[in-house]
$ cat upload.cif   # mmCIF, C-alpha atoms
data_final
loop_
_atom_site.label_atom_id
_atom_site.label_comp_id
_atom_site.auth_asym_id
_atom_site.auth_seq_id
_atom_site.Cartn_x
_atom_site.Cartn_y
_atom_site.Cartn_z
CA MET A 1 -21.31 20.25 18.03
CA THR A 2 -23.78 17.71 16.65
CA ASP A 3 -27.33 17.67 17.96
CA LYS A 4 -26.79 14.33 19.61
CA ALA A 5 -23.15 15.02 20.55
CA GLU A 6 -22.25 11.60 19.14
CA VAL A 7 -19.29 10.71 16.96
CA ALA A 8 -17.93 7.63 15.14
CA LEU A 9 -14.15 7.41 15.40
CA ALA A 10 -11.87 5.53 13.00
CA TYR A 11 -9.99 3.57 15.64
CA SER A 12 -6.71 1.68 15.35
CA GLY A 13 -5.94 1.01 19.01
CA GLY A 14 -2.72 3.02 18.80
CA LEU A 15 -1.65 6.13 20.64
CA ASP A 16 -3.28 8.76 18.41
CA THR A 17 -6.75 7.26 18.20
CA SER A 18 -6.77 6.16 21.86
CA VAL A 19 -5.98 9.70 22.95
CA CYS A 20 -8.78 10.95 20.69
CA ILE A 21 -11.47 9.28 22.79
CA PRO A 22 -11.11 11.40 25.97
CA LEU A 23 -10.25 14.45 23.85
CA LEU A 24 -13.53 14.14 21.98
CA ARG A 25 -15.35 14.26 25.30
CA GLU A 26 -13.25 16.97 26.97
CA ARG A 27 -12.64 19.34 24.06
CA TYR A 28 -15.63 18.68 21.77
CA GLY A 29 -18.37 17.87 24.27
CA MET A 30 -19.14 14.44 22.82
CA ARG A 31 -21.32 12.38 25.13
CA ARG A 32 -21.05 9.22 23.07
CA VAL A 33 -17.90 8.07 21.28
CA VAL A 34 -18.31 5.03 19.05
CA THR A 35 -15.07 3.40 17.91
CA VAL A 36 -14.75 1.42 14.69
CA LEU A 37 -11.74 -0.85 14.24
CA VAL A 38 -11.39 -2.24 10.71
CA ASP A 39 -9.29 -5.38 10.32
CA VAL A 40 -7.25 -5.11 7.11
CA GLY A 41 -4.63 -7.61 8.20
CA GLN A 42 -3.15 -6.16 11.36
CA PRO A 43 -1.52 -8.65 13.77
CA PRO A 44 -4.19 -10.45 15.83
CA GLU A 45 -2.56 -9.18 19.03
CA ASP A 46 -2.99 -5.59 17.80
CA ILE A 47 -6.67 -6.23 17.08
CA GLU A 48 -7.13 -7.76 20.54
CA ARG A 49 -5.28 -4.92 22.25
CA GLY A 50 -7.32 -2.37 20.32
CA ASN A 51 -10.54 -4.10 21.30
CA ARG A 52 -9.55 -4.12 24.98
CA ARG A 53 -8.64 -0.44 24.94
CA ALA A 54 -11.80 0.53 23.07
CA GLU A 55 -14.01 -1.42 25.46
CA LYS A 56 -12.38 0.44 28.32
CA LEU A 57 -12.34 3.91 26.77
CA SER A 58 -15.24 4.18 24.31
CA ASP A 59 -19.00 4.04 24.77
CA GLU A 60 -19.56 1.51 22.01
CA HIS A 61 -17.10 -0.46 19.90
CA TYR A 62 -17.28 -2.27 16.55
CA VAL A 63 -14.67 -4.44 14.88
CA ILE A 64 -15.10 -5.23 11.19
CA ASP A 65 -13.22 -7.97 9.34
CA ALA A 66 -12.48 -6.49 5.91
CA LYS A 67 -9.41 -8.53 4.92
CA ASP A 68 -10.99 -10.32 1.98
CA GLU A 69 -12.56 -7.11 0.70
CA PHE A 70 -9.24 -5.31 1.14
CA VAL A 71 -7.45 -7.85 -1.04
CA ARG A 72 -10.18 -8.25 -3.67
CA ASP A 73 -11.18 -4.62 -4.16
CA TYR A 74 -8.02 -2.74 -3.27
CA ILE A 75 -4.82 -4.83 -3.40
CA PHE A 76 -5.66 -6.78 -6.56
CA PRO A 77 -6.41 -3.59 -8.52
CA LEU A 78 -3.16 -2.18 -7.11
CA ILE A 79 -1.19 -5.16 -8.44
CA LYS A 80 -2.80 -4.80 -11.88
CA ALA A 81 -1.74 -1.13 -11.83
CA ASN A 82 1.81 -1.96 -10.67
CA GLY A 83 0.95 0.36 -7.80
CA SER A 84 3.99 2.31 -6.65
CA TYR A 85 4.31 5.96 -5.67
CA GLU A 86 7.95 7.06 -5.83
CA GLY A 87 8.87 3.49 -4.82
CA TYR A 88 6.25 3.19 -2.06
CA VAL A 89 3.83 0.29 -2.58
CA LEU A 90 0.87 2.25 -1.14
CA GLY A 91 0.09 -0.13 1.73
CA THR A 92 -1.26 2.47 4.17
CA ALA A 93 -2.64 4.70 1.43
CA ILE A 94 -4.77 2.05 -0.26
CA ALA A 95 -6.31 0.88 3.04
CA ARG A 96 -7.52 4.28 4.26
CA PRO A 97 -10.53 4.71 1.93
CA LEU A 98 -11.80 1.25 2.86
CA ILE A 99 -11.47 2.00 6.58
CA ALA A 100 -13.18 5.36 6.13
CA ARG A 101 -16.08 3.76 4.25
CA LYS A 102 -16.62 1.21 7.02
CA VAL A 103 -16.71 3.98 9.64
CA VAL A 104 -19.29 5.85 7.56
CA ASP A 105 -21.38 2.66 7.28
CA VAL A 106 -21.45 2.29 11.09
CA ALA A 107 -22.27 5.96 11.62
CA ARG A 108 -25.19 5.81 9.19
CA ARG A 109 -26.52 2.62 10.72
CA LEU A 110 -26.48 4.18 14.20
CA GLY A 111 -27.81 7.57 13.12
CA ILE A 112 -24.59 9.36 14.06
CA ASN A 113 -23.78 12.50 12.07
CA ALA A 114 -20.18 13.22 13.11
CA LEU A 115 -17.01 11.41 12.05
CA ALA A 116 -13.53 11.60 13.57
CA HIS A 117 -10.01 10.40 12.84
CA GLY A 118 -6.67 10.60 14.63
CA CYS A 119 -4.52 11.93 11.77
CA THR A 120 -2.19 14.87 12.10
CA GLY A 121 -2.18 17.97 9.92
CA ARG A 122 1.24 17.18 8.49
CA GLY A 123 0.58 13.85 6.81
CA ASN A 124 -1.47 12.34 4.02
CA ASP A 125 -3.94 10.23 5.99
CA GLN A 126 -6.10 13.21 6.94
CA LEU A 127 -6.79 13.73 3.23
CA ARG A 128 -7.46 10.05 2.54
CA PHE A 129 -10.02 9.80 5.34
CA GLU A 130 -11.64 13.12 4.63
CA ALA A 131 -11.99 12.52 0.89
CA VAL A 132 -14.52 9.86 1.97
CA PHE A 133 -15.84 11.54 5.13
CA ARG A 134 -16.62 14.91 3.57
CA ALA A 135 -18.63 13.34 0.75
CA THR A 136 -21.23 12.36 3.39
CA GLY A 137 -22.06 15.87 4.55
CA MET A 138 -21.39 14.83 8.15
CA ARG A 139 -19.28 16.87 10.55
CA VAL A 140 -15.59 15.91 10.47
CA ILE A 141 -13.43 16.19 13.60
CA ALA A 142 -9.63 15.81 13.62
CA PRO A 143 -8.39 16.38 17.20
CA MET A 144 -4.68 15.86 16.47
CA ARG A 145 -4.79 18.51 13.75
CA ASP A 146 -7.31 20.85 15.34
CA LEU A 147 -5.42 21.02 18.65
CA ASP A 148 -1.94 20.99 17.03
CA LEU A 149 -0.73 18.19 19.32
CA SER A 150 2.82 16.81 19.47
CA ARG A 151 3.74 13.17 19.91
CA GLU A 152 5.38 13.92 23.26
CA TRP A 153 2.25 15.72 24.50
CA GLU A 154 0.12 12.73 23.48
CA ILE A 155 2.30 10.30 25.42
CA ASP A 156 2.06 12.43 28.58
CA TYR A 157 -1.70 12.90 28.12
CA ALA A 158 -2.22 9.17 27.65
CA ARG A 159 -0.38 8.37 30.87
CA GLU A 160 -2.38 10.98 32.77
CA HIS A 161 -5.59 9.34 31.57
CA GLY A 162 -4.51 5.79 32.33
CA ILE A 163 -4.14 4.83 28.68
CA GLU A 164 -1.51 2.13 28.23
CA VAL A 165 0.56 2.82 25.12
CA GLN A 166 3.54 1.08 23.59
CA ALA A 167 5.23 4.23 22.32
CA SER A 168 7.70 6.00 24.57
CA LYS A 169 9.83 9.11 24.29
CA GLU A 170 12.82 6.82 23.84
CA ARG A 171 11.17 4.58 21.21
CA PRO A 172 8.47 6.78 19.68
CA TRP A 173 7.97 4.75 16.52
CA SER A 174 4.61 5.19 14.87
CA ILE A 175 3.77 1.89 13.17
CA ASP A 176 0.94 1.17 10.77
CA GLU A 177 0.57 -2.41 9.61
CA ASN A 178 -1.80 -4.26 7.34
CA LEU A 179 -1.68 -7.30 5.10
CA TRP A 180 0.18 -5.47 2.32
CA SER A 181 2.82 -3.46 4.15
CA ARG A 182 4.21 -2.15 7.40
CA SER A 183 5.22 1.49 7.82
CA ILE A 184 7.50 2.84 10.55
CA GLU A 185 8.11 6.51 11.22
CA GLY A 186 8.77 9.03 13.97
CA GLY A 187 11.53 9.71 16.47
CA MET A 188 15.08 9.66 15.12
CA LEU A 189 13.78 8.27 11.83
CA GLU A 190 12.75 11.83 11.02
CA ASP A 191 16.46 12.59 10.56
CA PRO A 192 17.14 11.45 6.98
CA PHE A 193 20.82 10.82 7.83
CA PHE A 194 19.99 8.52 10.77
CA GLU A 195 20.45 4.83 9.99
CA PRO A 196 17.36 2.88 11.10
CA PRO A 197 18.02 0.45 13.96
CA GLU A 198 17.28 -3.20 13.27
CA GLU A 199 14.62 -3.13 15.97
CA ILE A 200 12.17 -1.24 13.73
CA TYR A 201 11.85 -4.25 11.41
CA ALA A 202 9.45 -7.10 12.13
CA TRP A 203 8.66 -8.74 8.77
CA THR A 204 12.14 -8.93 7.28
CA ARG A 205 15.41 -10.30 8.58
CA THR A 206 18.70 -8.60 7.79
CA PRO A 207 19.59 -9.47 4.17
CA ASP A 208 23.09 -10.75 4.94
CA GLY A 209 23.18 -13.76 2.60
CA SER A 210 22.87 -16.29 5.42
CA VAL A 211 19.65 -17.76 3.96
CA PRO A 212 20.20 -19.87 0.80
CA PRO A 213 18.50 -18.73 -2.42
CA GLU A 214 14.91 -19.87 -2.90
CA THR A 215 12.75 -20.05 -6.02
CA VAL A 216 9.00 -19.50 -6.02
CA GLU A 217 6.48 -19.62 -8.85
CA ILE A 218 3.50 -17.26 -8.98
CA GLU A 219 0.57 -17.82 -11.30
CA PHE A 220 -1.56 -14.91 -12.50
CA GLU A 221 -5.00 -14.87 -14.09
CA ARG A 222 -6.11 -11.57 -15.63
CA GLY A 223 -3.35 -9.82 -13.70
CA VAL A 224 -4.33 -11.27 -10.32
CA PRO A 225 -2.13 -13.76 -8.39
CA VAL A 226 -4.03 -17.01 -7.89
CA ALA A 227 -1.41 -19.64 -7.04
CA LEU A 228 1.91 -19.96 -5.24
CA ASN A 229 4.23 -22.82 -6.19
CA GLY A 230 1.38 -24.55 -8.02
CA GLU A 231 -1.07 -24.36 -5.10
CA ARG A 232 -4.16 -22.26 -5.68
CA LEU A 233 -4.78 -19.96 -2.76
CA GLY A 234 -7.13 -17.19 -1.75
CA GLY A 235 -5.63 -13.72 -1.87
CA VAL A 236 -5.24 -13.26 1.87
CA GLU A 237 -3.47 -16.59 2.36
CA LEU A 238 -1.25 -16.13 -0.70
CA ILE A 239 -0.03 -12.74 0.49
CA ARG A 240 0.52 -13.97 4.04
CA ARG A 241 2.59 -16.96 2.90
CA LEU A 242 4.63 -14.86 0.53
CA ASN A 243 5.27 -12.28 3.26
CA LEU A 244 6.84 -15.03 5.38
CA ILE A 245 8.85 -16.58 2.53
CA ALA A 246 10.22 -13.32 1.12
CA GLY A 247 10.69 -11.81 4.58
CA ARG A 248 13.16 -14.59 5.44
CA HIS A 249 15.33 -13.31 2.59
CA GLY A 250 15.18 -9.69 3.74
CA ILE A 251 13.12 -8.67 0.72
CA GLY A 252 10.92 -5.60 0.78
CA ARG A 253 12.66 -2.95 2.87
CA THR A 254 12.25 0.63 1.66
CA ASP A 255 13.98 3.66 3.17
CA MET A 256 13.00 6.71 1.15
CA ILE A 257 12.38 10.42 0.98
CA GLU A 258 8.73 10.76 0.01
CA ASP A 259 6.84 13.75 -1.37
CA ARG A 260 3.66 14.09 0.63
CA VAL A 261 0.50 15.55 -0.86
CA LEU A 262 0.94 18.81 1.07
CA GLY A 263 4.35 19.32 -0.49
CA LEU A 264 6.39 18.30 2.55
CA LYS A 265 9.21 15.83 2.04
CA ALA A 266 9.29 13.07 4.64
CA ARG A 267 11.62 10.21 5.46
CA GLU A 268 9.62 6.99 5.38
CA ASN A 269 10.51 3.39 6.21
CA TYR A 270 8.47 0.44 4.97
CA GLU A 271 8.46 -3.36 4.92
CA HIS A 272 6.55 -5.15 2.15
CA PRO A 273 8.00 -8.58 1.21
CA ALA A 274 5.02 -10.05 -0.63
CA ALA A 275 4.24 -6.76 -2.34
CA THR A 276 7.78 -6.53 -3.71
CA VAL A 277 7.67 -10.05 -5.14
CA LEU A 278 4.16 -9.78 -6.57
CA LEU A 279 4.65 -6.38 -8.18
CA THR A 280 7.97 -7.43 -9.69
CA ALA A 281 6.48 -10.64 -11.04
CA HIS A 282 3.38 -8.93 -12.42
CA ARG A 283 5.41 -6.26 -14.19
CA ASP A 284 7.62 -8.95 -15.69
CA LEU A 285 4.62 -10.90 -17.00
CA GLU A 286 3.21 -7.75 -18.57
CA GLN A 287 6.45 -7.38 -20.51
CA LEU A 288 5.82 -10.81 -22.01
CA VAL A 289 2.18 -10.38 -23.03
CA LEU A 290 1.51 -6.68 -23.71
CA SER A 291 2.54 -4.87 -26.88
CA ARG A 292 5.19 -2.17 -26.86
CA ALA A 293 2.52 0.51 -27.39
CA GLU A 294 0.39 -0.88 -24.55
CA LEU A 295 3.35 -0.97 -22.17
CA ARG A 296 4.33 2.60 -22.98
CA PHE A 297 0.79 3.92 -22.54
CA LYS A 298 0.12 1.83 -19.42
CA ALA A 299 3.22 3.21 -17.71
CA GLY A 300 1.60 6.65 -17.73
CA VAL A 301 -1.75 5.25 -16.63
CA ASP A 302 -0.08 3.34 -13.78
CA GLU A 303 1.70 6.48 -12.60
CA ALA A 304 -1.53 8.47 -12.60
CA TRP A 305 -3.33 5.61 -10.79
CA ALA A 306 -0.63 5.47 -8.08
CA GLU A 307 -0.73 9.21 -7.49
CA MET A 308 -4.52 9.21 -7.12
CA ALA A 309 -4.39 6.19 -4.78
CA TYR A 310 -1.68 7.92 -2.75
CA MET A 311 -3.90 10.98 -2.38
CA GLY A 312 -6.95 8.87 -1.48
CA LEU A 313 -8.90 10.06 -4.52
CA VAL A 314 -10.44 6.66 -5.24
CA ASP A 315 -13.90 8.14 -5.77
CA ASP A 316 -12.73 10.54 -8.46
CA PRO A 317 -14.20 9.74 -11.91
CA LEU A 318 -10.73 9.61 -13.41
CA PHE A 319 -9.77 6.79 -11.04
CA ALA A 320 -12.59 4.67 -12.43
CA ASP A 321 -11.50 5.54 -15.97
CA LEU A 322 -7.94 4.47 -15.26
CA ASN A 323 -9.15 1.19 -13.75
CA ALA A 324 -11.20 0.48 -16.87
CA PHE A 325 -8.08 0.61 -19.06
CA ILE A 326 -5.98 -1.29 -16.52
CA ASP A 327 -8.56 -4.08 -16.31
CA GLN A 328 -8.71 -4.38 -20.09
CA ALA A 329 -4.91 -4.50 -20.40
CA ASN A 330 -4.75 -7.18 -17.71
CA SER A 331 -7.27 -9.40 -19.49
CA ARG A 332 -4.29 -11.07 -21.19
CA VAL A 333 -1.91 -11.03 -18.22
CA ASN A 334 -2.11 -14.77 -17.63
CA GLY A 335 0.77 -17.09 -16.86
CA VAL A 336 3.47 -18.10 -14.41
CA VAL A 337 6.55 -16.17 -13.28
CA ARG A 338 9.46 -17.89 -11.56
CA MET A 339 11.15 -15.65 -8.98
CA LYS A 340 14.52 -16.18 -7.29
CA LEU A 341 14.69 -14.77 -3.77
CA PHE A 342 18.05 -14.10 -2.16
CA CYS A 343 19.70 -11.54 0.10
CA GLY A 344 17.10 -8.79 -0.24
CA SER A 345 16.57 -9.35 -3.96
CA ALA A 346 13.54 -10.69 -5.84
CA MET A 347 14.52 -11.42 -9.43
CA PRO A 348 12.42 -12.90 -12.24
CA VAL A 349 14.30 -15.85 -13.73
CA GLY A 350 11.58 -17.40 -15.89
CA ARG A 351 8.13 -16.71 -17.23
CA ARG A 352 5.53 -18.36 -19.48
CA SER A 353 2.09 -17.41 -20.73
CA PRO A 354 -0.49 -18.74 -23.21
CA ASP A 355 -0.90 -15.11 -24.30
CA ALA A 356 2.79 -14.32 -24.80
CA LEU A 357 3.69 -11.95 -27.63
CA TYR A 358 6.86 -13.96 -28.11
CA SER A 359 8.03 -16.41 -30.72
CA ARG A 360 11.17 -18.38 -30.00
CA GLU A 361 11.17 -19.56 -33.60
CA MET A 362 11.27 -16.02 -34.95
CA VAL A 363 13.73 -14.54 -32.47
CA SER A 364 16.26 -17.40 -32.33
CA PHE A 365 19.69 -16.86 -33.94
CA ASP A 366 19.47 -20.43 -35.22
CA SER A 367 16.07 -20.03 -36.89
CA GLN A 368 15.52 -19.72 -40.63
CA THR A 369 11.84 -18.72 -40.26
CA LEU A 370 12.69 -15.13 -41.05
CA SER A 371 15.31 -14.16 -43.57
CA GLN A 372 17.85 -11.75 -42.11
CA ARG A 373 18.11 -10.09 -45.52
CA ASP A 374 14.54 -8.82 -45.16
CA ALA A 375 15.71 -6.39 -42.47
CA GLU A 376 17.98 -4.48 -44.86
CA GLY A 377 15.17 -2.38 -46.31
CA PHE A 378 14.07 -1.35 -42.82
CA ALA A 379 17.65 -0.49 -41.87
CA LYS A 380 18.00 1.84 -44.86
CA TYR A 381 15.22 4.07 -43.55
CA HIS A 382 16.01 3.74 -39.83
CA GLY A 383 17.47 7.09 -38.73
CA PHE A 384 16.85 8.53 -42.21
CA GLN A 385 15.85 12.03 -41.09
CA ALA A 386 18.92 12.49 -38.89
CA ARG A 387 21.22 11.48 -41.74
CA LEU A 388 19.42 13.83 -44.10
CA LEU A 389 19.79 16.70 -41.64
CA ARG A 390 23.55 16.16 -41.32
CA LYS A 391 23.93 16.48 -45.11
CA LYS A 392 22.46 20.00 -45.15
#
$ encode --input "upload.cif" --output "structure tokens"
Amino acid sequence: MTDKAEVALAYSGGLDTSVCIPLLRERYGMRRVVTVLVDVGQPPEDIERGNRRAEKLSDEHYVIDAKDEFVRDYIFPLIKANGSYEGYVLGTAIARPLIARKVVDVARRLGINALAHGCTGRGNDQLRFEAVFRATGMRVIAPMRDLDLSREWEIDYAREHGIEVQASKERPWSIDENLWSRSIEGGMLEDPFFEPPEEIYAWTRTPDGSVPPETVEIEFERGVPVALNGERLGGVELIRRLNLIAGRHGIGRTDMIEDRVLGLKARENYEHPAATVLLTAHRDLEQLVLSRAELRFKAGVDEAWAEMAYMGLVDDPLFADLNAFIDQANSRVNGVVRMKLFCGSAMPVGRRSPDALYSREMVSFDSQTLSQRDAEGFAKYHGFQARLLRKK
């Protein structure tokens, strides 16, 4: 127990973190529970509901608007790194270190020396929060993990303590949403053979072909999206608009078996319309402007970056090293990509860049800029060692 018996709790307003508040008092003897809700693009109604619950349950509550910082310092670097872990666009993962840092800031400002989160001992979020929390030297409390609580027990406990929760034993979905993605898990979704009901989706409509194809153009500067359909927009607004546009076409649903950090395989469901379009467009533009050697090397760097982001190791020196290369490679990723959206698909159909490593004059079948006969000498030595080996 801390000397002051005070704790700062990373608060979302959901079941887990709401249950944590009375648990911190009853099981850990905390006299003062300060909740910190960090806005990284959750629905306004979720922020409002979380604020109401916190004001009722906690001793002191703070809400921090970090949307612009989230996009600038976390999502934009993710786009430049083509951030994807086994097909997951890292929406929840990339937000956790930012949330943890804001909780630490509040704790330090108030002189609190204990930090808490509502993560379980089976998932990844405990590691992402604690990679930041434990660097402070403060006490770290994880009631869900420490007390080995089940979802069903939490729901019953919440009702006993007058905590209104949306989850039920019949619809026990655990949902985490921010500007970049929406994750849904729990209940029957834990059966990998169970087909998700349509009710779990909120950002995407069923991709049944009923919406006509639509074309959008995305402009990038130094690997960062800056304009949509010719209109320059801030990052938050651009992502929000693209979420709506691509969501209408059913783009950005992921149903996958994911390898968690602890080694457990988990069935995960995600929605990420804008992320799907932006990552696809960015990768396509890189193909136009980066050299073959750069692309090959960057693929390995991107994979390492995604794994470290997934684990929450954003303060590791290697993560900074990877970002240094990624930033340099993206210094030439400038241009426009035209994307066709239709029936769950986001396909690049055109791209242009002032930095393109492409010459139509040289590559055209109708061009006489290069003599085809010049390639004969190269062809004679192409595969030379294999042919020599077969002669032995």
$ atom_distance --input "upload.cif" --atom1 "atom CA of Val314 of chain A" --atom2 "atom CA of Glu6 of chain A"
27.5 Å
$ residues_around --input "upload.cif" --residues "Thr136 of chain A" --least-positions-apart "5" --cutoff "12 Å" --atoms "all atoms listed in the file" --output "short mmCIF file (atom, residue, chain, number, x, y, z; two decimals) with C-alpha atoms, in the coordinates of the input"
data_model
loop_
_atom_site.label_atom_id
_atom_site.label_comp_id
_atom_site.auth_asym_id
_atom_site.auth_seq_id
_atom_site.Cartn_x
_atom_site.Cartn_y
_atom_site.Cartn_z
CA ALA A 100 -13.18 5.36 6.13
CA ARG A 101 -16.08 3.76 4.25
CA VAL A 103 -16.71 3.98 9.64
CA VAL A 104 -19.29 5.85 7.56
CA ASP A 105 -21.38 2.66 7.28
CA ALA A 107 -22.27 5.96 11.62
CA ARG A 108 -25.19 5.81 9.19
CA ILE A 112 -24.59 9.36 14.06
CA ASN A 113 -23.78 12.50 12.07
CA ALA A 114 -20.18 13.22 13.11
CA LEU A 115 -17.01 11.41 12.05
CA PHE A 129 -10.02 9.80 5.34
CA GLU A 130 -11.64 13.12 4.63
CA ALA A 131 -11.99 12.52 0.89
#
$ residues_around --input "upload.cif" --residues "Arg232 of chain A" --least-positions-apart "3" --cutoff "12 Å" --atoms "all atoms listed in the file" --output "ChimeraX atom specification"
/A:217-221,224-229,235-238
$ atom_distance --input "upload.cif" --atom1 "atom CA of Arg145 of chain A" --atom2 "atom CA of Gly187 of chain A"
18.7 Å
$ atom_distance --input "upload.cif" --atom1 "atom CA of Val165 of chain A" --atom2 "atom CA of Met256 of chain A"
27.3 Å
$ closest_residue --input "upload.cif" --among "A:Asp191, A:Asp65, A:Asp73, A:Glu271" --to "Gly250 of chain A" --atoms "only C-alpha atoms"
A:Glu271
$ closest_residue --input "upload.cif" --among "A:Ala246, A:Ile21, A:Ala304, A:Leu179" --to "Val211 of chain A" --atoms "all atoms listed in the file"
A:Ala246
$ residues_around --input "upload.cif" --residues "segment 83-92 of chain A" --least-positions-apart "5" --cutoff "6 Å" --atoms "all atoms listed in the file" --output "PDB file with C-alpha atoms, in the frame of the given file"
ATOM      1  CA  LEU A  78      -3.160  -2.180  -7.110  1.00  0.00           C
ATOM      2  CA  TRP A 180       0.180  -5.470   2.320  1.00  0.00           C
ATOM      3  CA  SER A 181       2.820  -3.460   4.150  1.00  0.00           C
ATOM      4  CA  ALA A 306      -0.630   5.470  -8.080  1.00  0.00           C
TER       5      ALA A 306
END
$ resolve_selection --input "upload.cif" --expression "the PyMOL selection byres ((chain A and resi 155) around 9)" --output "number ranges by chain"
A: 15, 19, 150-154, 156-160, 165, 167-169
$ residues_around --input "upload.cif" --residues "Gly252 of chain A" --least-positions-apart "3" --cutoff "12 Å" --atoms "all atoms listed in the file" --output "short mmCIF file (atom, residue, chain, number, x, y, z; two decimals) with C-alpha atoms, in the coordinates of the input"
data_model
loop_
_atom_site.label_atom_id
_atom_site.label_comp_id
_atom_site.auth_asym_id
_atom_site.auth_seq_id
_atom_site.Cartn_x
_atom_site.Cartn_y
_atom_site.Cartn_z
CA GLY A 87 8.87 3.49 -4.82
CA TYR A 88 6.25 3.19 -2.06
CA VAL A 89 3.83 0.29 -2.58
CA TRP A 180 0.18 -5.47 2.32
CA SER A 181 2.82 -3.46 4.15
CA ARG A 182 4.21 -2.15 7.40
CA SER A 183 5.22 1.49 7.82
CA TYR A 201 11.85 -4.25 11.41
CA ALA A 202 9.45 -7.10 12.13
CA TRP A 203 8.66 -8.74 8.77
CA THR A 204 12.14 -8.93 7.28
CA ARG A 205 15.41 -10.30 8.58
CA THR A 206 18.70 -8.60 7.79
CA PRO A 207 19.59 -9.47 4.17
CA LEU A 242 4.63 -14.86 0.53
CA ASN A 243 5.27 -12.28 3.26
CA LEU A 244 6.84 -15.03 5.38
CA ILE A 245 8.85 -16.58 2.53
CA ALA A 246 10.22 -13.32 1.12
CA GLY A 247 10.69 -11.81 4.58
CA ARG A 248 13.16 -14.59 5.44
CA HIS A 249 15.33 -13.31 2.59
CA ASP A 255 13.98 3.66 3.17
CA ASN A 269 10.51 3.39 6.21
CA TYR A 270 8.47 0.44 4.97
CA GLU A 271 8.46 -3.36 4.92
CA HIS A 272 6.55 -5.15 2.15
CA PRO A 273 8.00 -8.58 1.21
CA ALA A 274 5.02 -10.05 -0.63
CA ALA A 275 4.24 -6.76 -2.34
CA THR A 276 7.78 -6.53 -3.71
CA VAL A 277 7.67 -10.05 -5.14
CA LEU A 278 4.16 -9.78 -6.57
CA LEU A 279 4.65 -6.38 -8.18
CA THR A 280 7.97 -7.43 -9.69
CA LEU A 341 14.69 -14.77 -3.77
CA PHE A 342 18.05 -14.10 -2.16
CA CYS A 343 19.70 -11.54 0.10
CA GLY A 344 17.10 -8.79 -0.24
CA SER A 345 16.57 -9.35 -3.96
CA ALA A 346 13.54 -10.69 -5.84
#
$ closest_residue --input "upload.cif" --among "A:Arg241, A:His161, A:Lys102, A:Arg222" --to "Asn330 of chain A" --atoms "only C-alpha atoms"
A:Arg222
$ resolve_selection --input "upload.cif" --expression "the PyMOL selection byres ((chain A and resi 119) around 12)" --output "PyMOL selection string"
chain A and resi 9-12+14-20+96+116-118+120-130+140-151+174
$ closest_residue --input "upload.cif" --among "A:Phe325, A:Phe378, A:Phe193, A:Tyr62" --to "Gly50 of chain A" --atoms "all atoms listed in the file"
A:Tyr62
$ closest_residue --input "upload.cif" --among "A:Ala329, A:Ile175, A:Val337, A:Ile251" --to "Val216 of chain A" --atoms "all atoms listed in the file"
A:Val337
$ decode --input "upload.cif" --residues "segment 277-290 of chain A" --atoms "C-alpha atoms" --output "PDB file, in the first residue's frame"
ATOM      1  CA  VAL A 277      -7.345   2.587 -47.262  1.00  0.00           C
ATOM      2  CA  LEU A 278      -4.453   4.699 -45.978  1.00  0.00           C
ATOM      3  CA  LEU A 279      -2.072   1.800 -45.413  1.00  0.00           C
ATOM      4  CA  THR A 280      -2.859   0.321 -48.815  1.00  0.00           C
ATOM      5  CA  ALA A 281      -2.367   3.669 -50.521  1.00  0.00           C
ATOM      6  CA  HIS A 282       0.859   4.429 -48.654  1.00  0.00           C
ATOM      7  CA  ARG A 283       2.360   1.048 -49.475  1.00  0.00           C
ATOM      8  CA  ASP A 284       1.438   1.532 -53.128  1.00  0.00           C
ATOM      9  CA  LEU A 285       3.106   4.954 -53.251  1.00  0.00           C
ATOM     10  CA  GLU A 286       6.256   3.517 -51.697  1.00  0.00           C
ATOM     11  CA  GLN A 287       6.407   1.024 -54.565  1.00  0.00           C
ATOM     12  CA  LEU A 288       6.538   3.955 -56.972  1.00  0.00           C
ATOM     13  CA  VAL A 289       9.226   6.042 -55.262  1.00  0.00           C
ATOM     14  CA  LEU A 290      11.532   3.718 -53.299  1.00  0.00           C
TER      15      LEU A 290
END
